[in-house]
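target.pdb, holding PDB, C-alpha atoms:
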```
ATOM      1  CA  MET A 848       6.876 -10.050 -23.295
ATOM      2  CA  ASP A 849       8.009  -6.394 -23.295
ATOM      3  CA  ILE A 850       8.186  -4.735 -19.876
ATOM      4  CA  CYS A 851       8.087  -0.997 -19.238
ATOM      5  CA  LEU A 852      10.867  -0.304 -16.732
ATOM      6  CA  ILE A 853      10.702   3.493 -16.409
ATOM      7  CA  PHE A 854       9.477   6.546 -18.256
ATOM      8  CA  PHE A 855      11.152   9.942 -18.390
ATOM      9  CA  THR A 856      10.987  13.312 -20.115
ATOM     10  CA  LYS A 857      13.673  15.128 -22.084
ATOM     11  CA  ASN A 858      13.221  18.477 -23.806
ATOM     12  CA  LYS A 859       9.483  18.191 -23.057
ATOM     13  CA  LYS A 860       9.354  14.878 -24.934
ATOM     14  CA  LEU A 861       8.209  11.600 -23.389
ATOM     15  CA  PHE A 862      10.370   8.466 -23.460
ATOM     16  CA  ILE A 863       9.914   4.902 -22.210
ATOM     17  CA  ASN A 864      12.573   2.337 -21.367
ATOM     18  CA  ILE A 865      11.342  -1.112 -22.394
ATOM     19  CA  LYS A 866      13.110  -4.373 -21.764
ATOM     20  CA  ASN A 867      12.492  -7.437 -23.910
ATOM     21  CA  SER A 868      12.424 -10.334 -21.458
ATOM     22  CA  LYS A 869      13.408 -12.855 -24.147
ATOM     23  CA  LYS A 870      16.487 -11.025 -25.391
ATOM     24  CA  SER A 871      17.184  -9.014 -22.211
ATOM     25  CA  LYS A 872      17.620  -6.038 -24.509
ATOM     26  CA  LEU A 873      16.818  -2.535 -23.279
ATOM     27  CA  GLN A 874      15.155  -0.181 -25.748
ATOM     28  CA  THR A 875      14.372   3.513 -25.371
ATOM     29  CA  LEU A 876      11.280   4.572 -27.286
ATOM     30  CA  HIS A 877       9.770   7.977 -27.878
ATOM     31  CA  ALA A 878       6.071   8.004 -27.026
ATOM     32  CA  LYS A 879       3.484  10.494 -28.236
ATOM     33  CA  LYS A 880       1.163   9.409 -25.451
ATOM     34  CA  LEU A 881       1.534   7.081 -22.468
ATOM     35  CA  PHE A 882      -1.596   5.349 -21.180
ATOM     36  CA  LEU A 883      -1.179   3.968 -17.662
ATOM     37  CA  CYS A 884      -3.669   1.128 -17.130
ATOM     38  CA  ILE A 885      -2.199  -0.227 -13.888
ATOM     39  CA  GLY A 886      -3.161  -0.708 -10.263
ATOM     40  CA  SER A 887      -2.267   1.654  -7.436
ATOM     41  CA  VAL A 888       0.688  -0.365  -6.146
ATOM     42  CA  GLN A 889       2.143  -0.792  -9.640
ATOM     43  CA  LEU A 890       1.673   2.936 -10.298
ATOM     44  CA  LEU A 891       3.631   3.854  -7.162
ATOM     45  CA  ASP A 892       6.356   1.399  -8.139
ATOM     46  CA  LEU A 893       6.614   2.880 -11.653
ATOM     47  CA  LEU A 894       6.679   6.481 -10.389
ATOM     48  CA  TYR A 895       9.362   5.646  -7.824
ATOM     49  CA  ARG A 896      11.592   3.791 -10.311
ATOM     50  CA  SER A 897      11.124   6.678 -12.764
ATOM     51  CA  ASN A 898      12.284   9.156 -10.059
ATOM     52  CA  PHE A 899       8.961  10.980  -9.912
ATOM     53  CA  LEU A 900       8.497   9.976  -6.272
ATOM     54  CA  LYS A 901      11.057  11.305  -3.816
ATOM     55  CA  GLU A 902      11.999  10.882  -0.163
ATOM     56  CA  ASN A 903       9.301  12.177   2.219
ATOM     57  CA  ASP A 904       6.659  12.489  -0.490
ATOM     58  CA  ILE A 905       3.136  11.962   0.909
ATOM     59  CA  ILE A 906       0.699   9.648  -0.898
ATOM     60  CA  GLU A 907      -2.998   9.691  -0.079
ATOM     61  CA  PHE A 908      -5.969   7.495  -1.012
ATOM     62  CA  SER A 909      -9.675   7.782  -0.183
ATOM     63  CA  GLU A 910     -12.526   5.315   0.109
ATOM     64  CA  PHE A 911     -16.065   5.374   1.416
ATOM     65  CA  TYR A 912     -16.722   3.585   4.689
ATOM     66  CA  ASP A 913     -18.292   0.191   4.204
ATOM     67  CA  HIS A 914     -19.655  -2.544   6.428
ATOM     68  CA  PHE A 915     -20.376  -6.233   5.839
ATOM     69  CA  LYS A 916     -23.413  -7.886   7.395
ATOM     70  CA  TRP A 917     -24.937 -11.359   7.162
ATOM     71  CA  ARG A 918     -28.564 -11.354   5.985
ATOM     72  CA  PHE A 919     -31.187 -13.817   4.770
ATOM     73  CA  THR A 920     -31.610 -13.784   1.006
ATOM     74  CA  PHE A 921     -35.210 -12.539   1.277
ATOM     75  CA  SER A 922     -34.321  -9.643   3.615
ATOM     76  CA  ALA A 923     -35.353  -6.173   2.469
ATOM     77  CA  PHE A 924     -32.672  -3.626   1.551
ATOM     78  CA  GLU A 925     -32.211  -0.664   3.866
ATOM     79  CA  LYS A 926     -33.384   2.660   2.471
ATOM     80  CA  ASN A 927     -30.916   5.428   1.561
ATOM     81  CA  ILE A 928     -27.906   3.094   1.893
ATOM     82  CA  THR A 929     -26.002   1.844  -1.151
ATOM     83  CA  THR A 930     -25.784  -1.931  -0.788
ATOM     84  CA  VAL A 931     -24.141  -4.686  -2.800
ATOM     85  CA  ARG A 932     -25.611  -8.096  -1.947
ATOM     86  CA  TYR A 933     -23.597 -11.290  -2.428
ATOM     87  CA  HIS A 934     -25.238 -14.675  -2.170
ATOM     88  CA  PHE A 935     -23.433 -17.000   0.247
ATOM     89  CA  CYS A 936     -21.803 -19.035  -2.532
ATOM     90  CA  ARG A 937     -20.480 -15.914  -4.300
ATOM     91  CA  ALA A 938     -19.324 -14.374  -1.011
ATOM     92  CA  LEU A 939     -17.466 -17.617  -0.287
ATOM     93  CA  GLY A 940     -15.711 -17.337  -3.641
ATOM     94  CA  HIS A 941     -14.694 -13.703  -2.981
ATOM     95  CA  PHE A 942     -13.354 -14.676   0.437
ATOM     96  CA  PHE A 943     -11.026 -17.269  -1.099
ATOM     97  CA  GLY A 944     -10.072 -14.989  -3.999
ATOM     98  CA  ILE A 945     -11.890 -17.034  -6.646
ATOM     99  CA  GLN A 946     -12.624 -14.708  -9.584
ATOM    100  CA  TYR A 947     -15.158 -16.942 -11.351
ATOM    101  CA  PHE A 948     -18.331 -18.759 -10.308
ATOM    102  CA  ALA A 949     -16.799 -22.212  -9.919
ATOM    103  CA  ARG A 950     -18.990 -25.271 -10.262
ATOM    104  CA  TYR A 951     -18.361 -26.428  -6.704
ATOM    105  CA  LEU A 952     -19.418 -23.016  -5.357
ATOM    106  CA  LYS A 953     -22.836 -23.527  -6.945
ATOM    107  CA  LEU A 954     -23.300 -26.497  -4.603
ATOM    108  CA  PHE A 955     -23.958 -23.929  -1.848
ATOM    109  CA  SER A 956     -26.767 -22.191  -3.788
ATOM    110  CA  PHE A 957     -29.360 -23.740  -1.478
ATOM    111  CA  VAL A 958     -28.029 -21.818   1.565
ATOM    112  CA  PRO A 959     -30.535 -18.968   2.226
ATOM    113  CA  LEU A 960     -27.849 -16.543   3.380
ATOM    114  CA  CYS A 961     -26.146 -13.567   1.775
ATOM    115  CA  VAL A 962     -23.628 -10.897   2.687
ATOM    116  CA  ASP A 963     -24.586  -7.236   2.329
ATOM    117  CA  GLN A 964     -21.783  -4.761   1.717
ATOM    118  CA  LYS A 965     -23.137  -1.370   2.805
ATOM    119  CA  PHE A 966     -21.471   1.850   1.730
ATOM    120  CA  TYR A 967     -21.738   5.108   3.662
ATOM    121  CA  SER A 968     -21.146   8.695   2.554
ATOM    122  CA  ARG A 969     -18.306   9.363   4.999
ATOM    123  CA  LYS A 970     -14.867   9.109   3.438
ATOM    124  CA  ASN A 971     -11.930   7.268   4.907
ATOM    125  CA  ARG A 972      -8.480   8.660   4.000
ATOM    126  CA  TYR A 973      -5.156   6.877   4.192
ATOM    127  CA  LYS A 974      -1.753   8.571   4.003
ATOM    128  CA  LEU A 975       1.608   7.008   3.223
ATOM    129  CA  ARG A 976       5.133   8.420   3.112
ATOM    130  CA  ILE A 977       8.269   7.534   1.147
ATOM    131  CA  LYS A 978      10.915   6.946   3.794
ATOM    132  CA  ASN A 979      14.327   5.387   3.119
ATOM    133  CA  GLY A 980      13.040   3.972  -0.145
ATOM    134  CA  THR A 981      10.083   2.304   1.572
ATOM    135  CA  ILE A 982       6.393   3.194   1.677
ATOM    136  CA  THR A 983       5.287   3.561   5.304
ATOM    137  CA  GLU A 984       2.188   4.811   7.121
ATOM    138  CA  THR A 985       2.273   8.396   8.312
ATOM    139  CA  GLU A 986       1.714   9.155  11.986
ATOM    140  CA  ASN A 987      -1.327  10.912  13.464
ATOM    141  CA  GLN A 988      -3.560  10.226  10.479
ATOM    142  CA  GLU A 989      -6.948  11.913  10.387
ATOM    143  CA  PHE A 990     -10.130  10.039   9.388
ATOM    144  CA  VAL A 991      -8.216   6.807   8.849
ATOM    145  CA  SER A 992      -9.655   3.453   9.864
ATOM    146  CA  LYS A 993      -7.768   0.248  10.614
ATOM    147  CA  ASN A 994      -9.998  -1.397   8.019
ATOM    148  CA  PHE A 995      -8.915   0.859   5.163
ATOM    149  CA  GLY A 996      -8.804  -1.070   1.892
ATOM    150  CA  ASN A 997     -11.389  -3.691   2.890
ATOM    151  CA  SER A 998     -13.804  -2.320   0.310
ATOM    152  CA  ILE A 999     -11.137  -2.804  -2.425
ATOM    153  CA  LYS A1000     -12.543   0.433  -3.880
ATOM    154  CA  TYR A1001     -10.054   3.160  -2.989
ATOM    155  CA  PHE A1002      -9.665   6.139  -5.291
ATOM    156  CA  ASN A1003      -8.565   9.777  -5.704
ATOM    157  CA  MET A1004      -4.847   9.178  -5.295
ATOM    158  CA  LYS A1005      -2.881  12.301  -4.360
ATOM    159  CA  ILE A1006       0.832  12.999  -4.101
ATOM    160  CA  ASN A1007       1.797  15.839  -1.792
ATOM    161  CA  ASN A1008      -1.861  16.881  -1.821
ATOM    162  CA  VAL A1009      -1.890  17.120  -5.636
ATOM    163  CA  GLU A1010      -4.510  14.993  -7.404
ATOM    164  CA  ILE A1011      -2.759  12.283  -9.454
ATOM    165  CA  ASN A1012      -4.052  13.408 -12.865
ATOM    166  CA  LYS A1013      -2.696  16.913 -12.282
ATOM    167  CA  TYR A1014       0.534  15.443 -10.897
ATOM    168  CA  LEU A1015       1.095  13.423 -14.067
ATOM    169  CA  ASN A1016       0.096  16.373 -16.246
ATOM    170  CA  LYS A1017       2.889  18.431 -14.654
ATOM    171  CA  ILE A1018       5.372  15.715 -15.644
ATOM    172  CA  ASN A1019       4.012  15.555 -19.178
ATOM    173  CA  SER A1020       0.552  16.389 -20.544
ATOM    174  CA  ASN A1021       0.632  13.223 -22.693
ATOM    175  CA  ILE A1022       0.534  10.843 -19.696
ATOM    176  CA  ILE A1023      -3.012   9.592 -19.139
ATOM    177  CA  GLY A1024      -4.120   7.226 -16.361
ATOM    178  CA  PHE A1025      -7.045   4.806 -16.297
ATOM    179  CA  GLY A1026      -8.232   3.011 -13.159
ATOM    180  CA  MET A1027      -9.266   3.470  -9.533
ATOM    181  CA  SER A1028      -6.361   5.730  -8.602
ATOM    182  CA  PHE A1029      -7.292   8.249 -11.295
ATOM    183  CA  ILE A1030     -10.935   8.909 -10.454
ATOM    184  CA  THR A1031     -12.597  11.225  -7.936
ATOM    185  CA  LYS A1032     -15.666   9.351  -6.768
ATOM    186  CA  LYS A1033     -18.627  11.503  -5.689
ATOM    187  CA  GLY A1034     -20.840   8.895  -4.062
ATOM    188  CA  PRO A1035     -20.453   5.565  -2.228
ATOM    189  CA  GLY A1036     -20.827   2.179  -3.862
ATOM    190  CA  PRO A1037     -19.307   0.152  -6.721
ATOM    191  CA  ILE A1038     -16.533   1.818  -8.692
ATOM    192  CA  SER A1039     -16.528   0.201 -12.155
ATOM    193  CA  ASN A1040     -19.025   2.654 -13.679
ATOM    194  CA  ASP A1041     -16.949   5.602 -12.452
ATOM    195  CA  ILE A1042     -13.836   4.116 -14.076
ATOM    196  CA  LEU A1043     -15.611   3.605 -17.414
ATOM    197  CA  ILE A1044     -17.062   7.139 -17.385
ATOM    198  CA  ASP A1045     -13.610   8.557 -16.583
ATOM    199  CA  ILE A1046     -12.040   6.590 -19.462
ATOM    200  CA  ASP A1047     -14.741   7.803 -21.866
ATOM    201  CA  LYS A1048     -14.197  11.456 -20.888
ATOM    202  CA  LYS A1049     -10.442  11.247 -21.263
ATOM    203  CA  LEU A1050     -10.596   9.498 -24.646
ATOM    204  CA  LYS A1051     -13.065  12.087 -25.959
ATOM    205  CA  LYS A1052     -10.658  14.872 -24.987
ATOM    206  CA  ILE A1053      -7.918  13.176 -27.010
ATOM    207  CA  LYS A1054     -10.117  13.106 -30.093
TER     208      LYS A1054
END
```
As a first step, turn the structure in this file into structure tokens.
Amino acid sequence: MDICLIFFTKNKKLFINIKNSKKSKLQTLHAKKLFLCIGSVQLLDLLYRSNFLKENDIIEFSEFYDHFKWRFTFSAFEKNITTVRYHFCRALGHFFGIQYFARYLKLFSFVPLCVDQKFYSRKNRYKLRIKNGTITETENQEFVSKNFGNSIKYFNMKINNVEINKYLNKINSNIIGFGMSFITKKGPGPISNDILIDIDKKLKKIK
């Protein structure tokens, strides 16, 4: 498997260092375009190793406040609140990190309980700082909650208050990111549709 170690620019051109894990051979390739389809943590790691994150840089993420509540399966949904309802057996699977509807989870289908994940319009922001080569929380954070990240739907990554798409564009206009970090979500709730719409818009611009 080939592994992208770093990317860099030279004379306005984009290059990628790739290591072949079988042969342990390092190759430098010129890339017309670089599509980053990686998670937030992996993106920070790549930017840091590529020297595009420096000491004392500030990283920020946003998410909408959410709240989990036990309900009966026949309970009515609350009006004007975006809610994702998980049946007890599916909620149990999520809790243990099971990504598929396992056969033994279906044994709990008779339980008349569910978990409602309610999303609210208020945003929760979380700021981090590069300090001594380590990512640490900043002090005196505004709006931040101890439960940040519980929704697993954080978005709108910024570096030094610059939105991540613009930040990458300053490095090289041919770097394009897909995923949660690269979208600016307007309303609370699930995030997959926003990611797909963002991908569609970016691909159409390339054409």
| Matched chain/residue IDs from the PyMOL selection byres ((chain A and resi 1034) around 10), as an MDAnalysis selection string | chainID A and resid 910:911 929 966:970 1031:1033 1035:1038 1041
| message | If the PyMOL selection byres ((chain A and resi 959) around 10) were run on this exact file, what residues would it hold? Put them as a ChimeraX atom specification. | response | /A:918-921,934-936,955-958,960-961
Find the residues near stretch 971-988 of chain A: any atom within 7 Å, counting all atoms listed in the file, skip ones fewer than 5 places away on the same chain, and give them as a tab-separated table (two decimals) with C-alpha atoms, keeping the file's coordinate frame.
```
chain	number	residue	atom	x	y	z
A	901	LYS	CA	11.06	11.30	-3.82
A	902	GLU	CA	12.00	10.88	-0.16
A	903	ASN	CA	9.30	12.18	2.22
A	904	ASP	CA	6.66	12.49	-0.49
A	905	ILE	CA	3.14	11.96	0.91
A	906	ILE	CA	0.70	9.65	-0.90
A	907	GLU	CA	-3.00	9.69	-0.08
A	908	PHE	CA	-5.97	7.50	-1.01
A	909	SER	CA	-9.68	7.78	-0.18
A	910	GLU	CA	-12.53	5.32	0.11
A	911	PHE	CA	-16.07	5.37	1.42
A	912	TYR	CA	-16.72	3.58	4.69
```
| request: Between atom CA of A:Asn927 and atom CA of A:Lys965, measure the distance and give it in Å to one decimal. | output: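 Pair atom CA of A:Asn927 / atom CA of A:Lys965 returns 10.4 Å.
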| message | Give me, as a list in words, all polymer residues having an atom no more than 9 Å from stretch 888-895 of chain A, counting only C-alpha atoms and skipping those fewer than 2 positions away in the same chain. | response |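 After dropping sequence-adjacent residues, the list is Cys851, Leu852, Ile853, Phe854, Leu883, Cys884, Ile885, Gly886, Ser897, Asn898, Phe899, Leu900, Lys901, Gly980 and Ser1028 of chain A.
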Would you write out those residues with C-alpha atoms, as a tab-separated table (two decimals), keeping the file's coordinate frame?
```tsv
chain	number	residue	atom	x	y	z
A	851	CYS	CA	8.09	-1.00	-19.24
A	852	LEU	CA	10.87	-0.30	-16.73
A	853	ILE	CA	10.70	3.49	-16.41
A	854	PHE	CA	9.48	6.55	-18.26
A	883	LEU	CA	-1.18	3.97	-17.66
A	884	CYS	CA	-3.67	1.13	-17.13
A	885	ILE	CA	-2.20	-0.23	-13.89
A	886	GLY	CA	-3.16	-0.71	-10.26
A	897	SER	CA	11.12	6.68	-12.76
A	898	ASN	CA	12.28	9.16	-10.06
A	899	PHE	CA	8.96	10.98	-9.91
A	900	LEU	CA	8.50	9.98	-6.27
A	901	LYS	CA	11.06	11.30	-3.82
A	980	GLY	CA	13.04	3.97	-0.14
A	1028	SER	CA	-6.36	5.73	-8.60
```
Restore all heavy atoms in stretch 924-935 of chain A and list the result as a PDB file, in the frame of the given file.
```pdb
ATOM      1  N   PHE A 924     -33.814  -4.533   1.539  1.00  0.00           N
ATOM      2  CA  PHE A 924     -32.672  -3.626   1.551  1.00  0.00           C
ATOM      3  C   PHE A 924     -33.004  -2.401   2.397  1.00  0.00           C
ATOM      4  O   PHE A 924     -34.150  -1.937   2.412  1.00  0.00           O
ATOM      5  CB  PHE A 924     -32.319  -3.173   0.129  1.00  0.00           C
ATOM      6  CG  PHE A 924     -31.694  -4.241  -0.707  1.00  0.00           C
ATOM      7  CD1 PHE A 924     -32.464  -5.036  -1.548  1.00  0.00           C
ATOM      8  CD2 PHE A 924     -30.318  -4.472  -0.656  1.00  0.00           C
ATOM      9  CE1 PHE A 924     -31.885  -6.025  -2.331  1.00  0.00           C
ATOM     10  CE2 PHE A 924     -29.731  -5.462  -1.426  1.00  0.00           C
ATOM     11  CZ  PHE A 924     -30.521  -6.240  -2.265  1.00  0.00           C
ATOM     12  N   GLU A 925     -32.016  -1.875   3.078  1.00  0.00           N
ATOM     13  CA  GLU A 925     -32.211  -0.664   3.866  1.00  0.00           C
ATOM     14  C   GLU A 925     -32.309   0.547   2.948  1.00  0.00           C
ATOM     15  O   GLU A 925     -31.583   0.655   1.957  1.00  0.00           O
ATOM     16  CB  GLU A 925     -31.050  -0.467   4.850  1.00  0.00           C
ATOM     17  CG  GLU A 925     -31.006  -1.509   5.954  1.00  0.00           C
ATOM     18  CD  GLU A 925     -29.945  -1.196   6.997  1.00  0.00           C
ATOM     19  OE1 GLU A 925     -29.843  -0.022   7.398  1.00  0.00           O
ATOM     20  OE2 GLU A 925     -29.213  -2.124   7.383  1.00  0.00           O
ATOM     21  N   LYS A 926     -33.193   1.467   3.283  1.00  0.00           N
ATOM     22  CA  LYS A 926     -33.384   2.660   2.471  1.00  0.00           C
ATOM     23  C   LYS A 926     -32.220   3.631   2.641  1.00  0.00           C
ATOM     24  O   LYS A 926     -31.605   3.720   3.709  1.00  0.00           O
ATOM     25  CB  LYS A 926     -34.695   3.355   2.862  1.00  0.00           C
ATOM     26  CG  LYS A 926     -35.944   2.546   2.538  1.00  0.00           C
ATOM     27  CD  LYS A 926     -37.200   3.308   2.908  1.00  0.00           C
ATOM     28  CE  LYS A 926     -38.450   2.492   2.564  1.00  0.00           C
ATOM     29  NZ  LYS A 926     -39.686   3.240   2.921  1.00  0.00           N
ATOM     30  N   ASN A 927     -31.928   4.359   1.560  1.00  0.00           N
ATOM     31  CA  ASN A 927     -30.916   5.428   1.561  1.00  0.00           C
ATOM     32  C   ASN A 927     -29.502   4.948   1.857  1.00  0.00           C
ATOM     33  O   ASN A 927     -28.641   5.741   2.248  1.00  0.00           O
ATOM     34  CB  ASN A 927     -31.296   6.531   2.559  1.00  0.00           C
ATOM     35  CG  ASN A 927     -32.662   7.125   2.261  1.00  0.00           C
ATOM     36  OD1 ASN A 927     -33.024   7.330   1.109  1.00  0.00           O
ATOM     37  ND2 ASN A 927     -33.433   7.387   3.312  1.00  0.00           N
ATOM     38  N   ILE A 928     -29.256   3.634   1.714  1.00  0.00           N
ATOM     39  CA  ILE A 928     -27.906   3.094   1.893  1.00  0.00           C
ATOM     40  C   ILE A 928     -27.554   2.261   0.652  1.00  0.00           C
ATOM     41  O   ILE A 928     -28.293   1.351   0.275  1.00  0.00           O
ATOM     42  CB  ILE A 928     -27.801   2.206   3.157  1.00  0.00           C
ATOM     43  CG1 ILE A 928     -28.026   3.048   4.415  1.00  0.00           C
ATOM     44  CG2 ILE A 928     -26.431   1.522   3.225  1.00  0.00           C
ATOM     45  CD1 ILE A 928     -27.964   2.256   5.709  1.00  0.00           C
ATOM     46  N   THR A 929     -26.450   2.607   0.018  1.00  0.00           N
ATOM     47  CA  THR A 929     -26.002   1.844  -1.151  1.00  0.00           C
ATOM     48  C   THR A 929     -25.502   0.481  -0.693  1.00  0.00           C
ATOM     49  O   THR A 929     -24.613   0.386   0.160  1.00  0.00           O
ATOM     50  CB  THR A 929     -24.875   2.590  -1.882  1.00  0.00           C
ATOM     51  OG1 THR A 929     -25.341   3.889  -2.258  1.00  0.00           O
ATOM     52  CG2 THR A 929     -24.442   1.825  -3.122  1.00  0.00           C
ATOM     53  N   THR A 930     -26.097  -0.570  -1.235  1.00  0.00           N
ATOM     54  CA  THR A 930     -25.784  -1.931  -0.788  1.00  0.00           C
ATOM     55  C   THR A 930     -25.486  -2.845  -1.972  1.00  0.00           C
ATOM     56  O   THR A 930     -26.207  -2.826  -2.975  1.00  0.00           O
ATOM     57  CB  THR A 930     -26.961  -2.527   0.017  1.00  0.00           C
ATOM     58  OG1 THR A 930     -27.279  -1.659   1.111  1.00  0.00           O
ATOM     59  CG2 THR A 930     -26.603  -3.907   0.550  1.00  0.00           C
ATOM     60  N   VAL A 931     -24.434  -3.625  -1.843  1.00  0.00           N
ATOM     61  CA  VAL A 931     -24.141  -4.686  -2.800  1.00  0.00           C
ATOM     62  C   VAL A 931     -24.370  -6.007  -2.074  1.00  0.00           C
ATOM     63  O   VAL A 931     -23.764  -6.255  -1.024  1.00  0.00           O
ATOM     64  CB  VAL A 931     -22.693  -4.612  -3.316  1.00  0.00           C
ATOM     65  CG1 VAL A 931     -22.408  -5.759  -4.276  1.00  0.00           C
ATOM     66  CG2 VAL A 931     -22.444  -3.276  -4.004  1.00  0.00           C
ATOM     67  N   ARG A 932     -25.251  -6.834  -2.613  1.00  0.00           N
ATOM     68  CA  ARG A 932     -25.611  -8.096  -1.947  1.00  0.00           C
ATOM     69  C   ARG A 932     -24.963  -9.281  -2.663  1.00  0.00           C
ATOM     70  O   ARG A 932     -25.099  -9.435  -3.867  1.00  0.00           O
ATOM     71  CB  ARG A 932     -27.122  -8.258  -1.899  1.00  0.00           C
ATOM     72  CG  ARG A 932     -27.603  -9.579  -1.316  1.00  0.00           C
ATOM     73  CD  ARG A 932     -29.084  -9.531  -0.975  1.00  0.00           C
ATOM     74  NE  ARG A 932     -29.305  -8.663   0.185  1.00  0.00           N
ATOM     75  CZ  ARG A 932     -30.520  -8.446   0.716  1.00  0.00           C
ATOM     76  NH1 ARG A 932     -31.595  -9.018   0.188  1.00  0.00           N
ATOM     77  NH2 ARG A 932     -30.650  -7.663   1.769  1.00  0.00           N
ATOM     78  N   TYR A 933     -24.242 -10.092  -1.901  1.00  0.00           N
ATOM     79  CA  TYR A 933     -23.597 -11.290  -2.428  1.00  0.00           C
ATOM     80  C   TYR A 933     -24.276 -12.512  -1.828  1.00  0.00           C
ATOM     81  O   TYR A 933     -24.374 -12.631  -0.596  1.00  0.00           O
ATOM     82  CB  TYR A 933     -22.112 -11.326  -2.051  1.00  0.00           C
ATOM     83  CG  TYR A 933     -21.309 -10.133  -2.517  1.00  0.00           C
ATOM     84  CD1 TYR A 933     -21.120  -9.036  -1.677  1.00  0.00           C
ATOM     85  CD2 TYR A 933     -20.713 -10.100  -3.780  1.00  0.00           C
ATOM     86  CE1 TYR A 933     -20.372  -7.936  -2.079  1.00  0.00           C
ATOM     87  CE2 TYR A 933     -19.959  -9.018  -4.197  1.00  0.00           C
ATOM     88  CZ  TYR A 933     -19.800  -7.937  -3.339  1.00  0.00           C
ATOM     89  OH  TYR A 933     -19.054  -6.848  -3.745  1.00  0.00           O
ATOM     90  N   HIS A 934     -24.719 -13.409  -2.693  1.00  0.00           N
ATOM     91  CA  HIS A 934     -25.238 -14.675  -2.170  1.00  0.00           C
ATOM     92  C   HIS A 934     -24.096 -15.422  -1.485  1.00  0.00           C
ATOM     93  O   HIS A 934     -22.926 -15.229  -1.812  1.00  0.00           O
ATOM     94  CB  HIS A 934     -25.838 -15.529  -3.294  1.00  0.00           C
ATOM     95  CG  HIS A 934     -26.558 -16.736  -2.791  1.00  0.00           C
ATOM     96  ND1 HIS A 934     -25.910 -17.924  -2.520  1.00  0.00           N
ATOM     97  CD2 HIS A 934     -27.867 -16.940  -2.478  1.00  0.00           C
ATOM     98  CE1 HIS A 934     -26.781 -18.800  -2.077  1.00  0.00           C
ATOM     99  NE2 HIS A 934     -27.978 -18.231  -2.047  1.00  0.00           N
ATOM    100  N   PHE A 935     -24.441 -16.290  -0.549  1.00  0.00           N
ATOM    101  CA  PHE A 935     -23.433 -17.000   0.247  1.00  0.00           C
ATOM    102  C   PHE A 935     -22.368 -17.665  -0.618  1.00  0.00           C
ATOM    103  O   PHE A 935     -21.169 -17.568  -0.337  1.00  0.00           O
ATOM    104  CB  PHE A 935     -24.121 -18.061   1.113  1.00  0.00           C
ATOM    105  CG  PHE A 935     -23.158 -18.939   1.874  1.00  0.00           C
ATOM    106  CD1 PHE A 935     -22.507 -18.475   3.000  1.00  0.00           C
ATOM    107  CD2 PHE A 935     -22.893 -20.240   1.432  1.00  0.00           C
ATOM    108  CE1 PHE A 935     -21.611 -19.277   3.687  1.00  0.00           C
ATOM    109  CE2 PHE A 935     -22.000 -21.038   2.114  1.00  0.00           C
ATOM    110  CZ  PHE A 935     -21.358 -20.566   3.245  1.00  0.00           C
TER     111      PHE A 935
END
```
